[in-house]
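Asker: Have a look at the structure that comes next, please.
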Number of protein chains: 2
Amino acid sequence: MKKISIFDSTLRDGAQGEGVSFSVEDKLAVVEYLDQLGVDYIEGGNPTSNPKDCEFFERVADLELKNAKVVSFTSTHKVGADPAKDPSLTAVLESKTEHVSVFGKSWDMHVTDILNATLEQNLEIICSTVDYLTKNGKTVFYDAEHFYDGYKANPEYAMQTLEAALKGGAKVLVLCDTNGACFPFEIEQITTEVVKRFPNVEIGIHTHNDIGMAVANAISAVRCGVTQVQGTFGGFGERCGNMDLCVLIPNLQLKLGYKCIPAENMELLTSTAKSIAEAANIGLDPRTPYVGSSAFAHKAGMHSDAVIKKSISYEHISPEAVGNSRRVLMSEVAGRSAIMLALKQVDPTIDKNSPITKQILEKMKELEHNGYEFEGAEGSLEMLIAKELGKFTPHFDLGKFSVVVNEPADELSSMAMIKICVDGEYETTAAEGDGPVNALDLAVRRALGVFYPEIKKMSLIDYKVRVLDSKGGTAAKVRVLITSSNGKRAWRTVGVSTDIISASWKALIDSIEYYLGVVNKK
Amino acid sequence: MKKISIFDSTLRDGAQGEGVSFSVEDKLAVVEYLDQLGVDYIEGGNPTSNPKDCEFFERVADLELKNAKVVSFTSTHKVGADPAKDPSLTAVLESKTEHVSVFGKSWDMHVTDILNATLEQNLEIICSTVDYLTKNGKTVFYDAEHFYDGYKANPEYAMQTLEAALKGGAKVLVLCDTNGACFPFEIEQITTEVVKRFPNVEIGIHTHNDIGMAVANAISAVRCGVTQVQGTFGGFGERCGNMDLCVLIPNLQLKLGYKCIPAENMELLTSTAKSIAEAANIGLDPRTPYVGSSAFAHKAGMHSDAVIKKSISYEHISPEAVGNSRRVLMSEVAGRSAIMLALKQVDPTIDKNSPITKQILEKMKELEHNGYEFEGAEGSLEMLIAKELGKFTPHFDLGKFSVVVNEPADELSSMAMIKICVDGEYETTAAEGDGPVNALDLAVRRALGVFYPEIKKMSLIDYKVRVLDSKGGTAAKVRVLITSSNGKRAWRTVGVSTDIISASWKALIDSIEYYLGVVNKK
C-alpha cells in the first residue's frame with residue numbers, strides 16, 4: 001500500500017474558521033489527539049502571529065510525540081529584506097520544530113496587485129526564504145498559495161515559483177487551491193503537468209471547500225501521484241473550510257488502497273474528530289461523512305428494517321471500522337424492528353415476540369401520536385422501556401413548582417419555586433433565571449443537590465425546541481429536546497406539552513433520572 | 001447553454017434527515033420558495049405514508065405554480081399483486097400530480113435478500129408498476145435504487161432493471177447512488193455505459209453524501225450526458241444527507257456553462273436556502289458553499305485586506321451573484337442591496353445611497369449580531385425600517401405583565417395579567433392559557449379588543465422557536481418566529497431574547513402593530 005503523508009492544519013488554517021478558537025491548552029490537547037491517531041505532521045501556527053502561538057511552540061516542544069512532527073508556519077520574507085533580520089523567520093528558527101511550512105505567491109495577479117512586487121522579485125524571495133531556513137537546518141514544505149488559479153492565469157510563471165522553492169531546497173512542493181473553486185478534472189489536468197515537470201520531487205495538495213470539492217480534489221491529486229495531503233479535522237477553516245481529513249483518511253485507506261495512518265488506529269477516527277471539534281468550540285456537523293453522529297443514522301422504516309437484516313443494504317462500511325455506531329432513529333417513518341435495538345439495551349432477554357414488546361410498542365405509539373419523537377432521544381426511550389418493564393424507581397418526586405415571569409424586568413426576568421421529595425424528606429427552594437426554564441432548571445438542581453451531590457457533575461449542553469401542529473399558534477404543542485453531559489458521555493431526552501415549561505420539565509426530569517439511574521451507575 | 005432539469009427532493013428524501021420535520025404549512029411554503037427560484041420538479045412525498053402527506057397533496061393542487069411541477073413518490077407494487085388494487089398506486093393516482101417517481105430495486109442482492117423476490121419477479125413489478133401509472137396518464141420517473149452498487153455487483157442485471165422501466169413507459173431513468181459511497185471516477189465509468197446503452201433516453205442522477213462525493217458525483221454524471229439532477233436544499237437527507245442543490249446549481253450554472261434555473265433568479269439562491277432550512281427546523285450549515293453565512297466570511301487579516309483590495313484574491317465569485325454577502329469578521333460589513341427591497345416597501349423614494357439607508361443597515365447589523373434574522377420575517381423588518389424613518393406610531397404601550405405557571409396544574413397551567421395603555425386610557429385584564437405564551441397572547445388580545453375590535457380578525461397561524469447558541473443550555477438565547485394572518489394575507493415577525501416569554505412577546509407586538517398599522521390599512 002502506497003503511503004500518503006497526512007498533514008493536519010487544524011491548529012493553523014482551521015483556526016481561521018468562523019467561530020473556531022483554541023486556547024493553548026486546547027492546542028496541546030489537539031496535538032496529542034492527532035499524534036495518537038497517527039498523522040504525520042501537525043501545523044501548529046505562526047510563532048509570531050500572537051503570544052498564544054509563541055507559548056504553544058515553547059510548550060509543545062516538551063511533549064513526547066509517538067508519530068507526528070510539529071510544523072511551524074510562516075510566509076516569504078519582504079522584498080529586498082535580509083532573511084536573517086526577518087522577525088518571522090527568526091521566530092521560526094527559535095520555535096524548535098524541525099519542519100517549517102513557508103507560503104509564497106504562485107498567482108501572478110497576487111504578486112503584482114496584492115504584494116505589489118515584480119514577478120522576478122517574488123521568485124527571489126521564495127528562493128531566499130526557503131534557502132535561509134534550509135541552511136539553518138529546517139526541512140521546508142513550500143505552500144504554493146493559489147497555485148491552481150495561478151496556473152490557469154499563467155502556467156509558466158506558476159511553475160517557476162515551484163522551481164524557485166526547489167532551488168532554495170524545499171523538500172515538498174504543496175499545490176494549494178486557496179480559493180477552493182477548482183473541479184476535480186481541473187486538479188487532475190494541472191497536477192499531472194506538475195508531476196511530469198518534477199518527477200522526483202515530493203508533491204503535496206492543499207484544498208478548500210468553496211464549491212464543495214475539497215475532498216474530491218485531494219483524491220484527484222493523490223491519484224495523479226501526490227503523496228502529502230493537507231487538511232483539517234472537521235473541515236474547519238476560512239469561509240467554507242478546508243479539506244476534511246475525517247473524510248479523506250477513510251476514503252483513501254478503507255476504499256482506495258492507500259495507507260494514511262496505522263490500520264489499528266482507524267477506529268479512533270470518530271472520537272478524535274469529536275474531541276477536536278469540542279476543543280475548537282464549534283462541535284462536529286452531525287452529517288460529517290464517516291464520523292458525524294448522523295453518518296449511520298437511519299430514519300425511513302424501510303431503511304431501518306433492511307439495515308437490520310443486512311447492514312450493507314444501507315451502510316457503505318461498518319460504522320465500527322471508524323469508531324462510529326449505527327443509530328436507528330425512532331420516527332413516524334420508522335418500522336417496528338427498529339425499536340428492538342433499544343429494548344435489548346435495557347433487557348437482552350426480550351425478543352420481538354415477547355408480550356412486553358407489544359405493550360411497549362403500544363405505549364410508544366400512543367406517545368408519538370401525542371407529539372413525542374424518540375429519534376435522537378435514547379435517554380427518554382430507555383426510561384420509557386424501563387418504566388414499562390417495572391425496572392424504574394424514581395430518585396425523587398415533584399411536590400410542586402411555580403414559575404413567575406415579569407415584564408418590565410430586572411436583568412433576570414424569572415423566578416421559580418420548587419418543592420421536591422426524596423425518600424420522604426422534603427426540600428423547598430427557589431432560583432432566579434434568564435427565562436422561566438432556566439430558573440426552573442437552576443431550582444431543581446439546587447433542591448436535588450442536597451440529596452445527590454453528584455448532580456453537580458451533570459450539565460445541560462444543548463436545548464432545542466420544536467413547535468408541533470404550529471397552526472395552533474401560541475397554543476401549539478411543543479417538543480423540547482435536551483442534551484446533557486457529565487463530561488464523558490452525552491444523553492438526550494424529550495418532553496412534549498402545549499406548555500413549554502411543562503415540556504421542558506418533562507425532558508429535564510428524564511435527563512436527571514437517566515443520569516442518576518443509568519449514566520452514574522456505569 | 002444545455003438545460004439541466006433540477007429535481008428537488010427536500011420534502012421527501014430531505015425529510016428523512018435526522019432532525020428534519022415539516023408541518024403541512026411548512027411543506028406548502030417550501031413549494032412556493034422552490035417554484036419562485038425556478039426549479040423544475042418538486043417531490044412532495046408519498047401520498048400514503050402518513051396523513052400529513054395526504055393533506056399536503058390535496059392542498060398543493062390548489063397552488064398556482066409558475067415553474068415547478070409537483071411529483072409524488074411511490075415504490076413498485078408487491079410481487080404478484082394487481083397494481084389496480086395497490087393502495088399506494090391508488091393514492092398516487094388520486095394525488096393529482098402529473099409526475100410520479102417510482103423507485104425499484106436495481107441491486108440483485110436487494111432483490112433476493114431484502115425484497116425476498118426472484119430477479120425475474122423484480123423486473124416484472126418494475127415494468128408493471130410503471131406501465132400501470134403511465135397508462136393512467138402519469139409521466140413516470142424511474143428511480144433505480146442502488147443502481148451503481150448494483151452495477152458493480154451485476155452489471156447486466158442492473159441494466160435490465162432500467163430496460164424493464166423503459167418497457168413500462170418510464171420517461172426518465174434516474175441512477176441512484178443510494179449508499180453514497182461511489183467516487184466520481186466510478187460514476188463516470190458506469191454512467192458512460194448507461195448513456196451508451198440508452199442513447200435516446202433522458203437519464204437522471206440521484207446521489208448521497210456518505211463519502212463526501214455527492215456534488216462531485218452529480219457533476220461527473222452531468223458531464224457524461226445526464227440531464228436531470230436530484231438533490232435537496234441544504235443537503236438534508238438520510239445519514240450524511242443528499243446531494244446539495246444549493247451547491248450544485250451555481251457550480252453547473254455559474255462555472256460549467258449549463259442552465260439550471262432562470263439566470264435572473266440566481267440571486268435568490270441564498271434566501272431560498274435559508275428559508276427552506278428554517279422551515280425544516282434545522283438551520284443552514286454556515287459553511288455551506290455559496291449560500292452559507294460563512295461562505296464569504298474572511299477572518300485572517302491578510303485575507304480581509306486583500307479581498308478588500310481585490311475581491312478575486314480570496315473570493316471565487318461575487319457573493320452577490322448568489323444573493324449572499326461578504327462578511328469581514330470582527331468588522332461586520334453587510335451588503336446593502338439585500339435590504340433595498342424592504343426599504344422601498346416602506347418608502348419608495350429611498351435609494352441605496354441615502355444616509356438613512358446606512359443608518360438602517362447599522363441598526364439591522366446590531367440586531368443580527370444579537371441573534372435576529374430578518375430572512376422570512378418581513379413584518380419585523382418593515383417595522384424596524386418604519387421606526388428608523390420616524391414613520392412608526394405605536395397603537396398601544398405596555399404597562400406591565402406577569403405570567404404565572406404552576407405544576408401540578410388544572411387543564412390550563414398558566415395565567416397572564418396585563419396592563420396596556422391606548423391614548424392615555426388604561427386597560428387591565430387577565431387570561432388563562434395553555435402555557436405561558438398562549439396566556440399572554442390571549443390577555444393582550446382581550447385588552448386590545450376594547451380599543452381595536454378589528455383585532456379579532458387576526459390570528460396566529462404559526463409559531464416557531466429556534467434555540468441559538470444552544471450550548472448555553474436552558475439559558476440559551478431563543479429566536480421566536482410568528483406567522484399571523486387575517487385570512488387573506490399572512491405576515492411574519494421575529495423576537496429574540498434569552499427568555500422565551502420575552503422573545504415571544506416581541507414577535508407578538510410586532511405582529512399586532514404590523515396588522516393594525518399596515519395590513520389593516522391596505
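Labels used: A, B, ... for chains in the order of the C-alpha cells, numbers from 1 for residues in each chain, and numbers from 1 for ligands as shown.
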Give me the residues within 10 Å of Glu382 of chain B as a PDB file with C-alpha atoms, in the first residue's frame, counting only C-alpha atoms and dropping any in the same chain fewer than 5 places off.
Answerer:
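What landed in out.pdb:
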```
ATOM      1  CA  ALA B 342     -37.875  46.053   2.034  1.00  0.00           C
ATOM      2  CA  LEU B 343     -36.837  49.706   2.258  1.00  0.00           C
ATOM      3  CA  LYS B 344     -38.703  50.532  -0.926  1.00  0.00           C
ATOM      4  CA  GLN B 345     -41.839  48.932   0.530  1.00  0.00           C
ATOM      5  CA  VAL B 346     -41.859  51.473   3.304  1.00  0.00           C
ATOM      6  CA  PHE B 374     -34.855  39.122   9.111  1.00  0.00           C
ATOM      7  CA  ALA B 377     -39.616  37.983   8.956  1.00  0.00           C
ATOM      8  CA  LYS B 387     -39.223  53.080  13.210  1.00  0.00           C
ATOM      9  CA  GLU B 388     -35.869  54.290  11.872  1.00  0.00           C
ATOM     10  CA  THR B 493     -42.401  38.652  12.728  1.00  0.00           C
ATOM     11  CA  ASP B 510     -44.584  43.381  16.078  1.00  0.00           C
ATOM     12  CA  TYR B 514     -47.953  45.353  11.695  1.00  0.00           C
ATOM     13  CA  VAL B 518     -50.015  48.088   7.667  1.00  0.00           C
TER      14      VAL B 518
END
```
Asker: Write out, as JSON lines, each residue of chain A that has an atom at most 6 Å from chain B, together with the closest pair of atoms and their distance in Å to one decimal, counting only C-alpha atoms, rows going by chain and rising number.
Answerer:
```
{"residue": "A:Gln16", "atom": "CA", "partner": "B:Lys299", "partner_atom": "CA", "distance": 5.8}
{"residue": "A:Asn179", "atom": "CA", "partner": "B:Tyr314", "partner_atom": "CA", "distance": 5.5}
{"residue": "A:Asp210", "atom": "CA", "partner": "B:Pro289", "partner_atom": "CA", "distance": 5.0}
{"residue": "A:Ile211", "atom": "CA", "partner": "B:Pro289", "partner_atom": "CA", "distance": 5.4}
{"residue": "A:Arg239", "atom": "CA", "partner": "B:Ala295", "partner_atom": "CA", "distance": 4.6}
{"residue": "A:Cys240", "atom": "CA", "partner": "B:Arg287", "partner_atom": "CA", "distance": 4.3}
{"residue": "A:Arg287", "atom": "CA", "partner": "B:Cys240", "partner_atom": "CA", "distance": 4.3}
{"residue": "A:Pro289", "atom": "CA", "partner": "B:Asp210", "partner_atom": "CA", "distance": 5.0}
{"residue": "A:Ser294", "atom": "CA", "partner": "B:Arg239", "partner_atom": "CA", "distance": 5.0}
{"residue": "A:Ala295", "atom": "CA", "partner": "B:Arg239", "partner_atom": "CA", "distance": 4.6}
{"residue": "A:Phe296", "atom": "CA", "partner": "B:Arg239", "partner_atom": "CA", "distance": 5.4}
{"residue": "A:Ala297", "atom": "CA", "partner": "B:Arg239", "partner_atom": "CA", "distance": 5.1}
{"residue": "A:Lys299", "atom": "CA", "partner": "B:Gln16", "partner_atom": "CA", "distance": 5.8}
{"residue": "A:Tyr314", "atom": "CA", "partner": "B:Asn179", "partner_atom": "CA", "distance": 5.5}
{"residue": "A:His316", "atom": "CA", "partner": "B:Asn179", "partner_atom": "CA", "distance": 5.9}
{"residue": "A:Lys400", "atom": "CA", "partner": "B:Glu407", "partner_atom": "CA", "distance": 5.5}
{"residue": "A:Phe401", "atom": "CA", "partner": "B:Glu407", "partner_atom": "CA", "distance": 5.3}
{"residue": "A:Ser402", "atom": "CA", "partner": "B:Asn406", "partner_atom": "CA", "distance": 4.5}
{"residue": "A:Val403", "atom": "CA", "partner": "B:Val405", "partner_atom": "CA", "distance": 5.1}
{"residue": "A:Val404", "atom": "CA", "partner": "B:Val404", "partner_atom": "CA", "distance": 4.6}
{"residue": "A:Val405", "atom": "CA", "partner": "B:Val403", "partner_atom": "CA", "distance": 5.1}
{"residue": "A:Asn406", "atom": "CA", "partner": "B:Ser402", "partner_atom": "CA", "distance": 4.5}
{"residue": "A:Glu407", "atom": "CA", "partner": "B:Phe401", "partner_atom": "CA", "distance": 5.4}
{"residue": "A:Asp434", "atom": "CA", "partner": "B:Ala475", "partner_atom": "CA", "distance": 5.8}
{"residue": "A:Gly435", "atom": "CA", "partner": "B:Asp499", "partner_atom": "CA", "distance": 3.8}
{"residue": "A:Asn438", "atom": "CA", "partner": "B:Thr474", "partner_atom": "CA", "distance": 4.8}
{"residue": "A:Leu460", "atom": "CA", "partner": "B:Gly473", "partner_atom": "CA", "distance": 5.1}
{"residue": "A:Ile461", "atom": "CA", "partner": "B:Lys471", "partner_atom": "CA", "distance": 4.9}
{"residue": "A:Asp462", "atom": "CA", "partner": "B:Gly473", "partner_atom": "CA", "distance": 4.9}
{"residue": "A:Tyr463", "atom": "CA", "partner": "B:Gly473", "partner_atom": "CA", "distance": 5.1}
{"residue": "A:Lys464", "atom": "CA", "partner": "B:Val467", "partner_atom": "CA", "distance": 5.7}
{"residue": "A:Val465", "atom": "CA", "partner": "B:Val465", "partner_atom": "CA", "distance": 6.0}
{"residue": "A:Val467", "atom": "CA", "partner": "B:Lys464", "partner_atom": "CA", "distance": 5.6}
{"residue": "A:Ser470", "atom": "CA", "partner": "B:Asp462", "partner_atom": "CA", "distance": 4.8}
{"residue": "A:Lys471", "atom": "CA", "partner": "B:Ile461", "partner_atom": "CA", "distance": 4.7}
{"residue": "A:Gly473", "atom": "CA", "partner": "B:Leu460", "partner_atom": "CA", "distance": 4.9}
{"residue": "A:Thr474", "atom": "CA", "partner": "B:Asn438", "partner_atom": "CA", "distance": 4.7}
{"residue": "A:Ala475", "atom": "CA", "partner": "B:Asn438", "partner_atom": "CA", "distance": 5.2}
{"residue": "A:Thr498", "atom": "CA", "partner": "B:Asp434", "partner_atom": "CA", "distance": 6.0}
{"residue": "A:Asp499", "atom": "CA", "partner": "B:Gly435", "partner_atom": "CA", "distance": 3.8}
```
Asker: Which of these residues is nearest to Asp410 of chain B, using only C-alpha atoms: B:Glu156, B:Gln228, B:Glu432, B:Leu389?
Answerer: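 Using only C-alpha atoms, Asp410 of chain B sits closest to B:Glu432.
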Asker: What does the structure give for the distance between atom CA of Cys421 of chain A and atom CA of Trp491 of chain A, in Å to one decimal?
Answerer: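 Separation of atom CA of Cys421 of chain A and atom CA of Trp491 of chain A: 24.7 Å.
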Asker: Among the residues of segment 88-325 of chain B, find those DSSP assigns to strand (DSSP E or B) from the backbone and print them as a ChimeraX atom specification.
Answerer: /B:99-105,139-145,172-177,202-208,228-232,242,244,258-259,297-298
Asker: What would the file look like if the residues just selected were written as an mmCIF file, in the first residue's frame with N, CA and C atoms?
Answerer:
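Result file follows (part11.cif):
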```cif
data_model
loop_
_atom_site.group_PDB
_atom_site.id
_atom_site.type_symbol
_atom_site.label_atom_id
_atom_site.label_comp_id
_atom_site.auth_asym_id
_atom_site.auth_seq_id
_atom_site.Cartn_x
_atom_site.Cartn_y
_atom_site.Cartn_z
ATOM 1 N N HIS B 99 -46.731 14.096 -12.521
ATOM 2 C CA HIS B 99 -45.487 13.322 -12.497
ATOM 3 C C HIS B 99 -45.380 12.436 -11.265
ATOM 4 N N VAL B 100 -44.843 11.255 -11.461
ATOM 5 C CA VAL B 100 -44.662 10.321 -10.350
ATOM 6 C C VAL B 100 -43.251 9.738 -10.396
ATOM 7 N N SER B 101 -42.595 9.702 -9.231
ATOM 8 C CA SER B 101 -41.336 8.977 -9.118
ATOM 9 C C SER B 101 -41.638 7.593 -8.578
ATOM 10 N N VAL B 102 -41.160 6.575 -9.262
ATOM 11 C CA VAL B 102 -41.332 5.205 -8.790
ATOM 12 C C VAL B 102 -39.950 4.649 -8.502
ATOM 13 N N PHE B 103 -39.746 4.185 -7.275
ATOM 14 C CA PHE B 103 -38.429 3.582 -7.049
ATOM 15 C C PHE B 103 -38.528 2.073 -7.015
ATOM 16 N N GLY B 104 -37.495 1.446 -7.577
ATOM 17 C CA GLY B 104 -37.443 -0.015 -7.617
ATOM 18 C C GLY B 104 -36.018 -0.465 -7.380
ATOM 19 N N LYS B 105 -35.864 -1.768 -7.247
ATOM 20 C CA LYS B 105 -34.561 -2.332 -6.886
ATOM 21 C C LYS B 105 -33.714 -2.616 -8.126
ATOM 22 N N THR B 139 -46.770 10.770 -15.969
ATOM 23 C CA THR B 139 -45.413 10.748 -16.512
ATOM 24 C C THR B 139 -44.515 10.186 -15.423
ATOM 25 N N VAL B 140 -43.822 9.111 -15.718
ATOM 26 C CA VAL B 140 -43.106 8.393 -14.660
ATOM 27 C C VAL B 140 -41.584 8.567 -14.763
ATOM 28 N N PHE B 141 -40.992 8.936 -13.623
ATOM 29 C CA PHE B 141 -39.539 8.927 -13.475
ATOM 30 C C PHE B 141 -39.204 7.646 -12.731
ATOM 31 N N TYR B 142 -38.312 6.843 -13.277
ATOM 32 C CA TYR B 142 -37.949 5.616 -12.577
ATOM 33 C C TYR B 142 -36.659 5.801 -11.794
ATOM 34 N N ASP B 143 -36.761 5.711 -10.453
ATOM 35 C CA ASP B 143 -35.579 5.808 -9.587
ATOM 36 C C ASP B 143 -34.968 4.422 -9.412
ATOM 37 N N ALA B 144 -33.839 4.202 -10.039
ATOM 38 C CA ALA B 144 -33.168 2.909 -9.921
ATOM 39 C C ALA B 144 -32.322 2.904 -8.659
ATOM 40 N N GLU B 145 -32.947 2.451 -7.556
ATOM 41 C CA GLU B 145 -32.288 2.492 -6.249
ATOM 42 C C GLU B 145 -31.008 1.651 -6.274
ATOM 43 N N VAL B 172 -37.946 9.099 -17.635
ATOM 44 C CA VAL B 172 -36.563 9.358 -17.224
ATOM 45 C C VAL B 172 -36.071 8.169 -16.395
ATOM 46 N N LEU B 173 -34.842 7.764 -16.632
ATOM 47 C CA LEU B 173 -34.219 6.712 -15.814
ATOM 48 C C LEU B 173 -33.242 7.389 -14.860
ATOM 49 N N VAL B 174 -33.548 7.317 -13.579
ATOM 50 C CA VAL B 174 -32.724 8.026 -12.606
ATOM 51 C C VAL B 174 -31.788 7.035 -11.912
ATOM 52 N N LEU B 175 -30.492 7.255 -12.059
ATOM 53 C CA LEU B 175 -29.492 6.346 -11.487
ATOM 54 C C LEU B 175 -29.143 6.817 -10.084
ATOM 55 N N CYS B 176 -29.376 5.950 -9.096
ATOM 56 C CA CYS B 176 -29.171 6.377 -7.709
ATOM 57 C C CYS B 176 -27.903 5.766 -7.117
ATOM 58 N N ASP B 177 -27.122 6.626 -6.425
ATOM 59 C CA ASP B 177 -26.048 6.107 -5.579
ATOM 60 C C ASP B 177 -26.583 6.178 -4.157
ATOM 61 N N GLU B 202 -33.773 10.030 -21.604
ATOM 62 C CA GLU B 202 -33.338 11.016 -20.616
ATOM 63 C C GLU B 202 -32.856 10.293 -19.353
ATOM 64 N N ILE B 203 -31.648 10.615 -18.919
ATOM 65 C CA ILE B 203 -31.072 9.949 -17.740
ATOM 66 C C ILE B 203 -30.944 10.969 -16.608
ATOM 67 N N GLY B 204 -31.220 10.505 -15.381
ATOM 68 C CA GLY B 204 -31.093 11.368 -14.202
ATOM 69 C C GLY B 204 -30.086 10.789 -13.220
ATOM 70 N N ILE B 205 -29.695 11.612 -12.249
ATOM 71 C CA ILE B 205 -28.719 11.168 -11.240
ATOM 72 C C ILE B 205 -29.202 11.586 -9.857
ATOM 73 N N HIS B 206 -29.048 10.704 -8.890
ATOM 74 C CA HIS B 206 -29.506 10.931 -7.512
ATOM 75 C C HIS B 206 -28.399 10.392 -6.605
ATOM 76 N N THR B 207 -27.689 11.297 -5.937
ATOM 77 C CA THR B 207 -26.538 10.852 -5.149
ATOM 78 C C THR B 207 -26.665 11.227 -3.672
ATOM 79 N N HIS B 208 -25.978 10.485 -2.851
ATOM 80 C CA HIS B 208 -25.913 10.750 -1.410
ATOM 81 C C HIS B 208 -24.460 11.022 -1.018
ATOM 82 N N GLN B 228 -31.051 15.205 -15.832
ATOM 83 C CA GLN B 228 -31.869 15.536 -14.660
ATOM 84 C C GLN B 228 -31.044 15.263 -13.406
ATOM 85 N N VAL B 229 -31.032 16.233 -12.497
ATOM 86 C CA VAL B 229 -30.254 16.061 -11.272
ATOM 87 C C VAL B 229 -31.171 16.162 -10.067
ATOM 88 N N GLN B 230 -31.108 15.159 -9.194
ATOM 89 C CA GLN B 230 -31.943 15.165 -7.991
ATOM 90 C C GLN B 230 -31.101 15.478 -6.762
ATOM 91 N N GLY B 231 -31.660 16.289 -5.885
ATOM 92 C CA GLY B 231 -30.961 16.614 -4.644
ATOM 93 C C GLY B 231 -31.916 17.315 -3.697
ATOM 94 N N THR B 232 -31.367 17.835 -2.606
ATOM 95 C CA THR B 232 -32.209 18.553 -1.646
ATOM 96 C C THR B 232 -31.547 19.892 -1.330
ATOM 97 N N ASN B 242 -28.362 14.139 1.301
ATOM 98 C CA ASN B 242 -28.421 14.042 -0.161
ATOM 99 C C ASN B 242 -27.503 15.070 -0.796
ATOM 100 N N ASP B 244 -26.416 18.323 -2.381
ATOM 101 C CA ASP B 244 -26.929 19.641 -2.025
ATOM 102 C C ASP B 244 -27.142 20.511 -3.272
ATOM 103 N N TYR B 258 -23.868 25.289 -17.832
ATOM 104 C CA TYR B 258 -25.174 24.661 -18.009
ATOM 105 C C TYR B 258 -26.252 25.618 -17.516
ATOM 106 N N LYS B 259 -27.500 25.372 -17.937
ATOM 107 C CA LYS B 259 -28.604 26.182 -17.431
ATOM 108 C C LYS B 259 -29.475 25.347 -16.496
ATOM 109 N N ALA B 297 -17.046 34.740 4.417
ATOM 110 C CA ALA B 297 -16.602 35.387 5.656
ATOM 111 C C ALA B 297 -15.089 35.262 5.750
ATOM 112 N N HIS B 298 -14.409 36.370 5.916
ATOM 113 C CA HIS B 298 -12.944 36.362 5.948
ATOM 114 C C HIS B 298 -12.460 36.674 7.347
#
```
Asker: Could you name the residues that touch segment 57-59 of chain B at 12 Å or less, counting only C-alpha atoms, but leaving out those on the same chain fewer than 6 positions away, as JSON, numbers by chain?
Answerer: {"B": [11, 24, 25, 27, 28, 29, 31, 42, 43, 44, 45, 46, 47, 48, 49, 50, 51, 70, 71, 72, 73, 91, 92, 93, 94, 95, 96, 97, 98]}
Asker: For atom CA of Lys135 of chain B and atom CA of Thr10 of chain B, quote the distance in Å rounded to one decimal.
Answerer: 28.2 Å
